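Note sheet for the following structure.
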Amino acid sequence: MVTVPARRKRATIHDVAVEAGVSRGTVSRVVNDEPYVSAAARTAIEAAIEKVGYVPNNAARNLVMQRSQAVGFIVHEPHSLFLDDPNIGGILLGANTVLSRADYQMVSLVIDSQRDTDRVARYLSGGFVDGVIIVSARHEDPMIRVVEKLALPAAFVGHPPDLRRLPFVGIDNRRSARAITERLIGTGRSRIGMIAAALDRDSGADRLAGFTDALGSRFDPNLVERVPLYTYSDGAAGMRALLAREPGIDGVFAASDAVAAGALEALRDAGRSVPGDVGVVGFDDSTWALRTQPHLSTVHQPAFGLGAAAAECVLGQLRGEEQPTDGILLETPIVWRDSA
């Protein structure tokens, strides 16, 4: 019969005080890095902490301070996309770098269903995090109302139209999409289409608006294929649909690099050369852009910088600092490569 050893009793401040031969109050001052402790007593206490294996109970301390020292990182995407999307990974790493530097823990929460939404709302209401960073919020996203109701320090990555006065960081998707479409037009293409993804959030809708702006009177709605997500498979399906409707298409703006990579596969399967027959541009300058052949012309989205800026925004609110509610926008230069 296999037995599980009894759980070792956690060392307390009392154990440290007995070992060091000082009062519990003196131990508490050392643990909390407070003054008025002699060098000899501090040395004895530090040695006692090491010997008895004492670890400060931060949960109890945070309960008194009404702080969790944690910030939630909420992503409203399917679970598979959370793992596969390099932009989400970049945003997460940027946020975690800033939070870690400030001694905050990041708690990742993925919303992929109404049940997830309800569960995360209950979690936030329980006071387990001091603030939240929210990525990929949709129009009329219930998390917006939850954050407002709880008056929780928050920063959104992106700007849903009903965000009202909550802080956000982002990029000018419309201007960036217009700029790269104009660059594609400048290569002499005349039948330019778009694979428009994620139109239920601001990034997707704004990229379609920028594409429309660039084409002006030449815009043909029949050359826009709408797909649900920024994914490789949706890009391939969208490109096949465009080719079926308009075999003479000679330029494509894909709403993300992953979508563009899928489009390249569909073009290759159809016997079309890139950029010879069809010029293709993407959006993000993610790892997808250099995994394709040819490498993608694209818009650089500063994912790490967006995450870092969002974390700084939340930490600023926790310090009681006013944050701009008209948004923090980062630059998005065009990166021109061989696909167009």
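The way I read the labels, and the way they are meant: chains A, B, ... in the order of the structure tokens, residue 1 as the first residue of every chain, and ligand 1 as the first ligand shown, with later ones counted on from there.
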
Excluding same-chain residues fewer than 5 positions from Pro228 of chain A, what lies within 10 Å of it counting only C-alpha atoms, as a list in words?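 My reading of the contact set: Ala196, Ala197, Ala198, Leu199, Asp200, Gly204, Asp234, Gly235 and Gly238 of chain A.
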
Find the spatial neighbours of Ala236 of chain A, counting only C-alpha atoms, within a cut-off of 9 Å - ignore same-chain residues fewer than 5 positions away - and output them as a VMD selection string. chain A and resid 231 241 259 to 267

Keeping all heavy atoms, export the residues of the selection given above as a PDB file, in the first residue's frame.
```
ATOM      1  N   THR A 231      -7.079  33.473 -39.088  1.00  0.00           N
ATOM      2  CA  THR A 231      -6.427  32.166 -39.083  1.00  0.00           C
ATOM      3  C   THR A 231      -5.982  31.761 -40.483  1.00  0.00           C
ATOM      4  O   THR A 231      -6.526  32.225 -41.491  1.00  0.00           O
ATOM      5  CB  THR A 231      -7.370  31.067 -38.547  1.00  0.00           C
ATOM      6  OG1 THR A 231      -8.501  30.953 -39.422  1.00  0.00           O
ATOM      7  CG2 THR A 231      -7.840  31.383 -37.142  1.00  0.00           C
ATOM      8  N   ALA A 241     -12.512  31.295 -52.326  1.00  0.00           N
ATOM      9  CA  ALA A 241     -13.804  31.908 -52.664  1.00  0.00           C
ATOM     10  C   ALA A 241     -13.616  33.107 -53.586  1.00  0.00           C
ATOM     11  O   ALA A 241     -14.380  33.303 -54.540  1.00  0.00           O
ATOM     12  CB  ALA A 241     -14.529  32.324 -51.382  1.00  0.00           C
ATOM     13  N   VAL A 259      -3.796  34.997 -42.172  1.00  0.00           N
ATOM     14  CA  VAL A 259      -4.755  34.941 -43.276  1.00  0.00           C
ATOM     15  C   VAL A 259      -4.015  34.991 -44.613  1.00  0.00           C
ATOM     16  O   VAL A 259      -4.329  34.246 -45.551  1.00  0.00           O
ATOM     17  CB  VAL A 259      -5.771  36.094 -43.161  1.00  0.00           C
ATOM     18  CG1 VAL A 259      -6.648  36.188 -44.401  1.00  0.00           C
ATOM     19  CG2 VAL A 259      -6.643  35.913 -41.921  1.00  0.00           C
ATOM     20  N   ALA A 260      -3.000  35.847 -44.709  1.00  0.00           N
ATOM     21  CA  ALA A 260      -2.218  35.953 -45.950  1.00  0.00           C
ATOM     22  C   ALA A 260      -1.488  34.653 -46.256  1.00  0.00           C
ATOM     23  O   ALA A 260      -1.402  34.228 -47.422  1.00  0.00           O
ATOM     24  CB  ALA A 260      -1.219  37.101 -45.837  1.00  0.00           C
ATOM     25  N   ALA A 261      -0.960  33.993 -45.219  1.00  0.00           N
ATOM     26  CA  ALA A 261      -0.262  32.722 -45.436  1.00  0.00           C
ATOM     27  C   ALA A 261      -1.218  31.674 -46.000  1.00  0.00           C
ATOM     28  O   ALA A 261      -0.855  30.908 -46.905  1.00  0.00           O
ATOM     29  CB  ALA A 261       0.346  32.235 -44.123  1.00  0.00           C
ATOM     30  N   GLY A 262      -2.438  31.628 -45.490  1.00  0.00           N
ATOM     31  CA  GLY A 262      -3.435  30.717 -46.033  1.00  0.00           C
ATOM     32  C   GLY A 262      -3.789  31.059 -47.474  1.00  0.00           C
ATOM     33  O   GLY A 262      -3.967  30.173 -48.320  1.00  0.00           O
ATOM     34  N   ALA A 263      -3.865  32.371 -47.762  1.00  0.00           N
ATOM     35  CA  ALA A 263      -4.153  32.809 -49.137  1.00  0.00           C
ATOM     36  C   ALA A 263      -3.053  32.366 -50.091  1.00  0.00           C
ATOM     37  O   ALA A 263      -3.325  31.944 -51.234  1.00  0.00           O
ATOM     38  CB  ALA A 263      -4.304  34.332 -49.164  1.00  0.00           C
ATOM     39  N   LEU A 264      -1.805  32.436 -49.666  1.00  0.00           N
ATOM     40  CA  LEU A 264      -0.689  32.001 -50.512  1.00  0.00           C
ATOM     41  C   LEU A 264      -0.802  30.512 -50.847  1.00  0.00           C
ATOM     42  O   LEU A 264      -0.504  30.098 -51.972  1.00  0.00           O
ATOM     43  CB  LEU A 264       0.642  32.287 -49.809  1.00  0.00           C
ATOM     44  CG  LEU A 264       1.060  33.758 -49.706  1.00  0.00           C
ATOM     45  CD1 LEU A 264       2.346  33.882 -48.896  1.00  0.00           C
ATOM     46  CD2 LEU A 264       1.263  34.364 -51.090  1.00  0.00           C
ATOM     47  N   GLU A 265      -1.236  29.717 -49.877  1.00  0.00           N
ATOM     48  CA  GLU A 265      -1.407  28.294 -50.144  1.00  0.00           C
ATOM     49  C   GLU A 265      -2.475  28.077 -51.227  1.00  0.00           C
ATOM     50  O   GLU A 265      -2.288  27.286 -52.162  1.00  0.00           O
ATOM     51  CB  GLU A 265      -1.823  27.554 -48.877  1.00  0.00           C
ATOM     52  CG  GLU A 265      -2.062  26.064 -49.114  1.00  0.00           C
ATOM     53  CD  GLU A 265      -2.796  25.376 -47.977  1.00  0.00           C
ATOM     54  OE1 GLU A 265      -3.535  26.046 -47.243  1.00  0.00           O
ATOM     55  OE2 GLU A 265      -2.635  24.155 -47.860  1.00  0.00           O
ATOM     56  N   ALA A 266      -3.599  28.787 -51.098  1.00  0.00           N
ATOM     57  CA  ALA A 266      -4.684  28.629 -52.074  1.00  0.00           C
ATOM     58  C   ALA A 266      -4.246  29.087 -53.464  1.00  0.00           C
ATOM     59  O   ALA A 266      -4.586  28.466 -54.478  1.00  0.00           O
ATOM     60  CB  ALA A 266      -5.911  29.413 -51.612  1.00  0.00           C
ATOM     61  N   LEU A 267      -3.476  30.171 -53.518  1.00  0.00           N
ATOM     62  CA  LEU A 267      -2.976  30.659 -54.811  1.00  0.00           C
ATOM     63  C   LEU A 267      -2.008  29.652 -55.431  1.00  0.00           C
ATOM     64  O   LEU A 267      -2.038  29.402 -56.642  1.00  0.00           O
ATOM     65  CB  LEU A 267      -2.287  32.010 -54.627  1.00  0.00           C
ATOM     66  CG  LEU A 267      -3.224  33.191 -54.358  1.00  0.00           C
ATOM     67  CD1 LEU A 267      -2.438  34.400 -53.847  1.00  0.00           C
ATOM     68  CD2 LEU A 267      -4.003  33.562 -55.623  1.00  0.00           C
TER      69      LEU A 267
END
```

Near-Gly94 of chain A list (10 Å; only C-alpha atoms; drop same-chain fewer than 4 positions) as an MDAnalysis selection string: chainID A and resid 88:90 98:99 302:311

Within 7 Å of segment 177-187 of chain A using only C-alpha atoms, minus same-chain residues under 4 positions, as a ChimeraX atom specification: /A:173,207,210-211,213-214,253,334,340

Create the file for the chosen residues now, containing all heavy atoms and written as an mmCIF file, in the first residue's frame.
```
data_model
loop_
_atom_site.group_PDB
_atom_site.id
_atom_site.type_symbol
_atom_site.label_atom_id
_atom_site.label_comp_id
_atom_site.auth_asym_id
_atom_site.auth_seq_id
_atom_site.Cartn_x
_atom_site.Cartn_y
_atom_site.Cartn_z
ATOM 1 N N ASN A 173 -5.668 51.078 -37.047
ATOM 2 C CA ASN A 173 -5.852 50.012 -38.041
ATOM 3 C C ASN A 173 -6.331 50.563 -39.375
ATOM 4 O O ASN A 173 -5.902 50.100 -40.434
ATOM 5 C CB ASN A 173 -6.856 48.986 -37.512
ATOM 6 C CG ASN A 173 -6.268 48.041 -36.494
ATOM 7 O OD1 ASN A 173 -5.543 47.125 -36.834
ATOM 8 N ND2 ASN A 173 -6.579 48.281 -35.231
ATOM 9 N N ARG A 207 -9.773 47.673 -40.549
ATOM 10 C CA ARG A 207 -8.909 47.295 -41.676
ATOM 11 C C ARG A 207 -9.719 47.242 -42.973
ATOM 12 O O ARG A 207 -9.230 47.653 -44.031
ATOM 13 C CB ARG A 207 -8.211 45.960 -41.388
ATOM 14 C CG ARG A 207 -7.154 46.100 -40.305
ATOM 15 C CD ARG A 207 -6.540 44.777 -39.860
ATOM 16 N NE ARG A 207 -5.896 44.945 -38.561
ATOM 17 C CZ ARG A 207 -5.263 44.000 -37.894
ATOM 18 N NH1 ARG A 207 -5.173 42.771 -38.396
ATOM 19 N NH2 ARG A 207 -4.716 44.248 -36.713
ATOM 20 N N GLY A 210 -10.231 50.862 -44.007
ATOM 21 C CA GLY A 210 -9.030 51.432 -44.610
ATOM 22 C C GLY A 210 -8.822 50.957 -46.032
ATOM 23 O O GLY A 210 -8.413 51.724 -46.916
ATOM 24 N N PHE A 211 -9.093 49.690 -46.281
ATOM 25 C CA PHE A 211 -9.020 49.133 -47.629
ATOM 26 C C PHE A 211 -10.003 49.857 -48.554
ATOM 27 O O PHE A 211 -9.659 50.245 -49.683
ATOM 28 C CB PHE A 211 -9.346 47.640 -47.565
ATOM 29 C CG PHE A 211 -9.459 46.955 -48.896
ATOM 30 C CD1 PHE A 211 -8.334 46.627 -49.633
ATOM 31 C CD2 PHE A 211 -10.709 46.621 -49.421
ATOM 32 C CE1 PHE A 211 -8.436 45.978 -50.865
ATOM 33 C CE2 PHE A 211 -10.824 45.978 -50.645
ATOM 34 C CZ PHE A 211 -9.687 45.655 -51.371
ATOM 35 N N ASP A 213 -11.233 52.879 -48.125
ATOM 36 C CA ASP A 213 -10.746 54.254 -48.308
ATOM 37 C C ASP A 213 -9.721 54.323 -49.431
ATOM 38 O O ASP A 213 -9.751 55.233 -50.273
ATOM 39 C CB ASP A 213 -10.096 54.764 -47.019
ATOM 40 C CG ASP A 213 -11.081 54.969 -45.876
ATOM 41 O OD1 ASP A 213 -12.294 55.036 -46.144
ATOM 42 O OD2 ASP A 213 -10.616 55.057 -44.721
ATOM 43 N N ALA A 214 -8.791 53.370 -49.437
ATOM 44 C CA ALA A 214 -7.695 53.413 -50.405
ATOM 45 C C ALA A 214 -8.196 53.241 -51.835
ATOM 46 O O ALA A 214 -7.699 53.898 -52.759
ATOM 47 C CB ALA A 214 -6.670 52.327 -50.082
ATOM 48 N N PHE A 253 -5.298 42.072 -50.276
ATOM 49 C CA PHE A 253 -4.938 42.517 -48.930
ATOM 50 C C PHE A 253 -5.584 41.539 -47.961
ATOM 51 O O PHE A 253 -6.808 41.433 -47.894
ATOM 52 C CB PHE A 253 -5.434 43.946 -48.683
ATOM 53 C CG PHE A 253 -5.327 44.389 -47.231
ATOM 54 C CD1 PHE A 253 -4.236 44.062 -46.450
ATOM 55 C CD2 PHE A 253 -6.337 45.163 -46.658
ATOM 56 C CE1 PHE A 253 -4.130 44.469 -45.133
ATOM 57 C CE2 PHE A 253 -6.247 45.585 -45.342
ATOM 58 C CZ PHE A 253 -5.150 45.243 -44.576
ATOM 59 N N ILE A 334 5.097 50.280 -42.492
ATOM 60 C CA ILE A 334 4.966 49.226 -43.496
ATOM 61 C C ILE A 334 6.323 48.538 -43.673
ATOM 62 O O ILE A 334 7.359 49.191 -43.714
ATOM 63 C CB ILE A 334 4.491 49.809 -44.840
ATOM 64 C CG1 ILE A 334 3.034 50.272 -44.728
ATOM 65 C CG2 ILE A 334 4.631 48.785 -45.970
ATOM 66 C CD1 ILE A 334 2.519 50.968 -45.970
ATOM 67 N N ALA A 340 4.699 41.257 -52.824
ATOM 68 C CA ALA A 340 3.963 42.212 -53.689
ATOM 69 C C ALA A 340 4.916 42.956 -54.603
ATOM 70 O O ALA A 340 4.581 44.012 -55.079
ATOM 71 C CB ALA A 340 3.167 43.180 -52.818
#
```

Which residues in segment 92-177 of chain A does DSSP call alpha helix (DSSP H)? List them as a short mmCIF file (atom, residue, chain, number, x, y, z; two decimals) with C-alpha atoms, in the first residue's frame.
```cif
data_model
loop_
_atom_site.label_atom_id
_atom_site.label_comp_id
_atom_site.auth_asym_id
_atom_site.auth_seq_id
_atom_site.Cartn_x
_atom_site.Cartn_y
_atom_site.Cartn_z
CA LEU A 92 1.22 38.66 -23.34
CA LEU A 93 5.01 38.76 -23.09
CA GLY A 94 5.07 42.56 -23.19
CA ALA A 95 2.51 42.78 -20.40
CA ASN A 96 4.20 40.13 -18.30
CA THR A 97 7.59 41.84 -18.59
CA VAL A 98 6.23 45.09 -17.17
CA LEU A 99 4.12 43.42 -14.48
CA SER A 100 6.98 41.19 -13.38
CA ARG A 101 9.25 44.22 -13.02
CA GLN A 114 -20.77 32.39 -22.55
CA ARG A 115 -19.89 29.99 -19.74
CA ASP A 116 -16.33 31.33 -19.80
CA THR A 117 -17.67 34.89 -19.67
CA ASP A 118 -19.79 34.12 -16.59
CA ARG A 119 -16.93 32.29 -14.88
CA VAL A 120 -14.43 35.11 -15.49
CA ALA A 121 -16.96 37.73 -14.34
CA ARG A 122 -17.39 35.85 -11.04
CA TYR A 123 -13.62 35.55 -10.69
CA LEU A 124 -13.10 39.29 -11.18
CA SER A 125 -15.90 40.04 -8.70
CA PRO A 142 -19.94 41.82 -21.59
CA MET A 143 -16.46 42.22 -20.06
CA ILE A 144 -16.68 45.95 -20.75
CA ARG A 145 -19.75 46.24 -18.54
CA VAL A 146 -18.21 43.97 -15.87
CA VAL A 147 -15.13 46.20 -15.63
CA GLU A 148 -17.30 49.32 -15.43
CA LYS A 149 -19.51 47.84 -12.71
CA LEU A 150 -16.54 46.75 -10.58
CA ASN A 173 -5.85 50.01 -38.04
CA ARG A 174 -7.78 52.08 -40.58
CA ARG A 175 -4.88 54.35 -41.49
CA SER A 176 -2.44 51.43 -41.63
CA ALA A 177 -4.72 49.34 -43.86
#
```

Using only C-alpha atoms, find the one residue out of A:Ala209, A:Val314, A:Met239, A:Val227 that sits nearest to Phe73 of chain A. A:Val314

Among A:Ala44, A:Leu223, A:Val157, A:Ala254, Ile171 of chain A is approached most closely, using only C-alpha atoms, by A:Val157

Grab the atom CA of Arg191 of chain A to atom CA of Ala237 of chain A distance for me, in Å with one decimal place.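 Interatomic distance here is 19.0 Å.
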
Length of the atom CA of Arg10 of chain A to atom CA of Arg24 of chain A vector [Å]: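 According to the coordinates, atom CA of Arg10 of chain A and atom CA of Arg24 of chain A are separated by 16.2 Å.
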
Quick check, in Å to one decimal: how far apart do atom CA of Asp172 of chain A and atom CA of Gly316 of chain A lie?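 It comes out at 23.2 Å.
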
For a quick check of understanding, using only C-alpha atoms, which of A:Asp338, A:Asp277, A:Asp269, A:Glu312 has the smallest distance to Leu290 of chain A?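 Looking at the shortest contact to Leu290 of chain A, the residue is A:Asp338.
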
Find the residue from A:Asp220, A:Asp103, A:Glu46, A:Asp112 that sits nearest to Ala20 of chain A; use only C-alpha atoms when measuring.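 Residue with the minimum atom-to-atom distance to Ala20 of chain A: A:Glu46.
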
When you count only C-alpha atoms, which of these residues is closest to Glu225 of chain A: A:Val27, A:Ile45, A:Ala244, A:Leu315?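 Smallest distance to Glu225 of chain A is found for A:Ala244.
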
For Ser233 of chain A, which residue among A:Ala258, A:Ile249, A:Ser113, A:Ser273 is the nearest when counting only C-alpha atoms? A:Ala258

Just the strand (DSSP E) stuff from segment 6-129 of chain A, please, per backbone DSSP, written as number ranges by chain. A: 70-76, 105-111

Skip Gly170 of chain A itself and residues of its chain fewer than 2 positions away, then list as a list in words all residues within 8 Å of it, counting only C-alpha atoms. Val157, Gly158, His159, Phe168, Asp172, Leu306, Gly327, Ile328, Leu329 and Leu330 of chain A

Please save C-alpha atoms of the selected residues as a PDB file, in the first residue's frame.
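Wrote part04.pdb, looks like this:
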```pdb
ATOM      1  CA  VAL A 157      -5.778  46.357 -26.275  1.00  0.00           C
ATOM      2  CA  GLY A 158      -7.902  47.680 -29.107  1.00  0.00           C
ATOM      3  CA  HIS A 159     -10.897  49.975 -29.040  1.00  0.00           C
ATOM      4  CA  PHE A 168      -7.087  51.581 -24.167  1.00  0.00           C
ATOM      5  CA  ASP A 172      -4.641  53.063 -36.113  1.00  0.00           C
ATOM      6  CA  LEU A 306       1.040  47.057 -26.901  1.00  0.00           C
ATOM      7  CA  GLY A 327      -6.231  56.087 -26.191  1.00  0.00           C
ATOM      8  CA  ILE A 328      -2.512  55.463 -26.576  1.00  0.00           C
ATOM      9  CA  LEU A 329      -1.700  54.687 -30.212  1.00  0.00           C
ATOM     10  CA  LEU A 330       1.599  53.116 -31.305  1.00  0.00           C
TER      11      LEU A 330
END
```

Report the closest atom pair, with its distance in Å rounded to one decimal, for each residue of segment 179-286 of chain A that has an atom no farther than 9 Å from segment 134-139 of chain A; count only C-alpha atoms, sort by chain and then rising residue number, and write it as a tab-separated table.
```
residue	atom	partner	partner_atom	distance
A:Asp200	CA	A:Arg138	CA	5.9
A:Arg201	CA	A:Arg138	CA	4.7
A:Asp202	CA	A:Arg138	CA	7.4
A:Ser203	CA	A:Ser136	CA	8.6
```
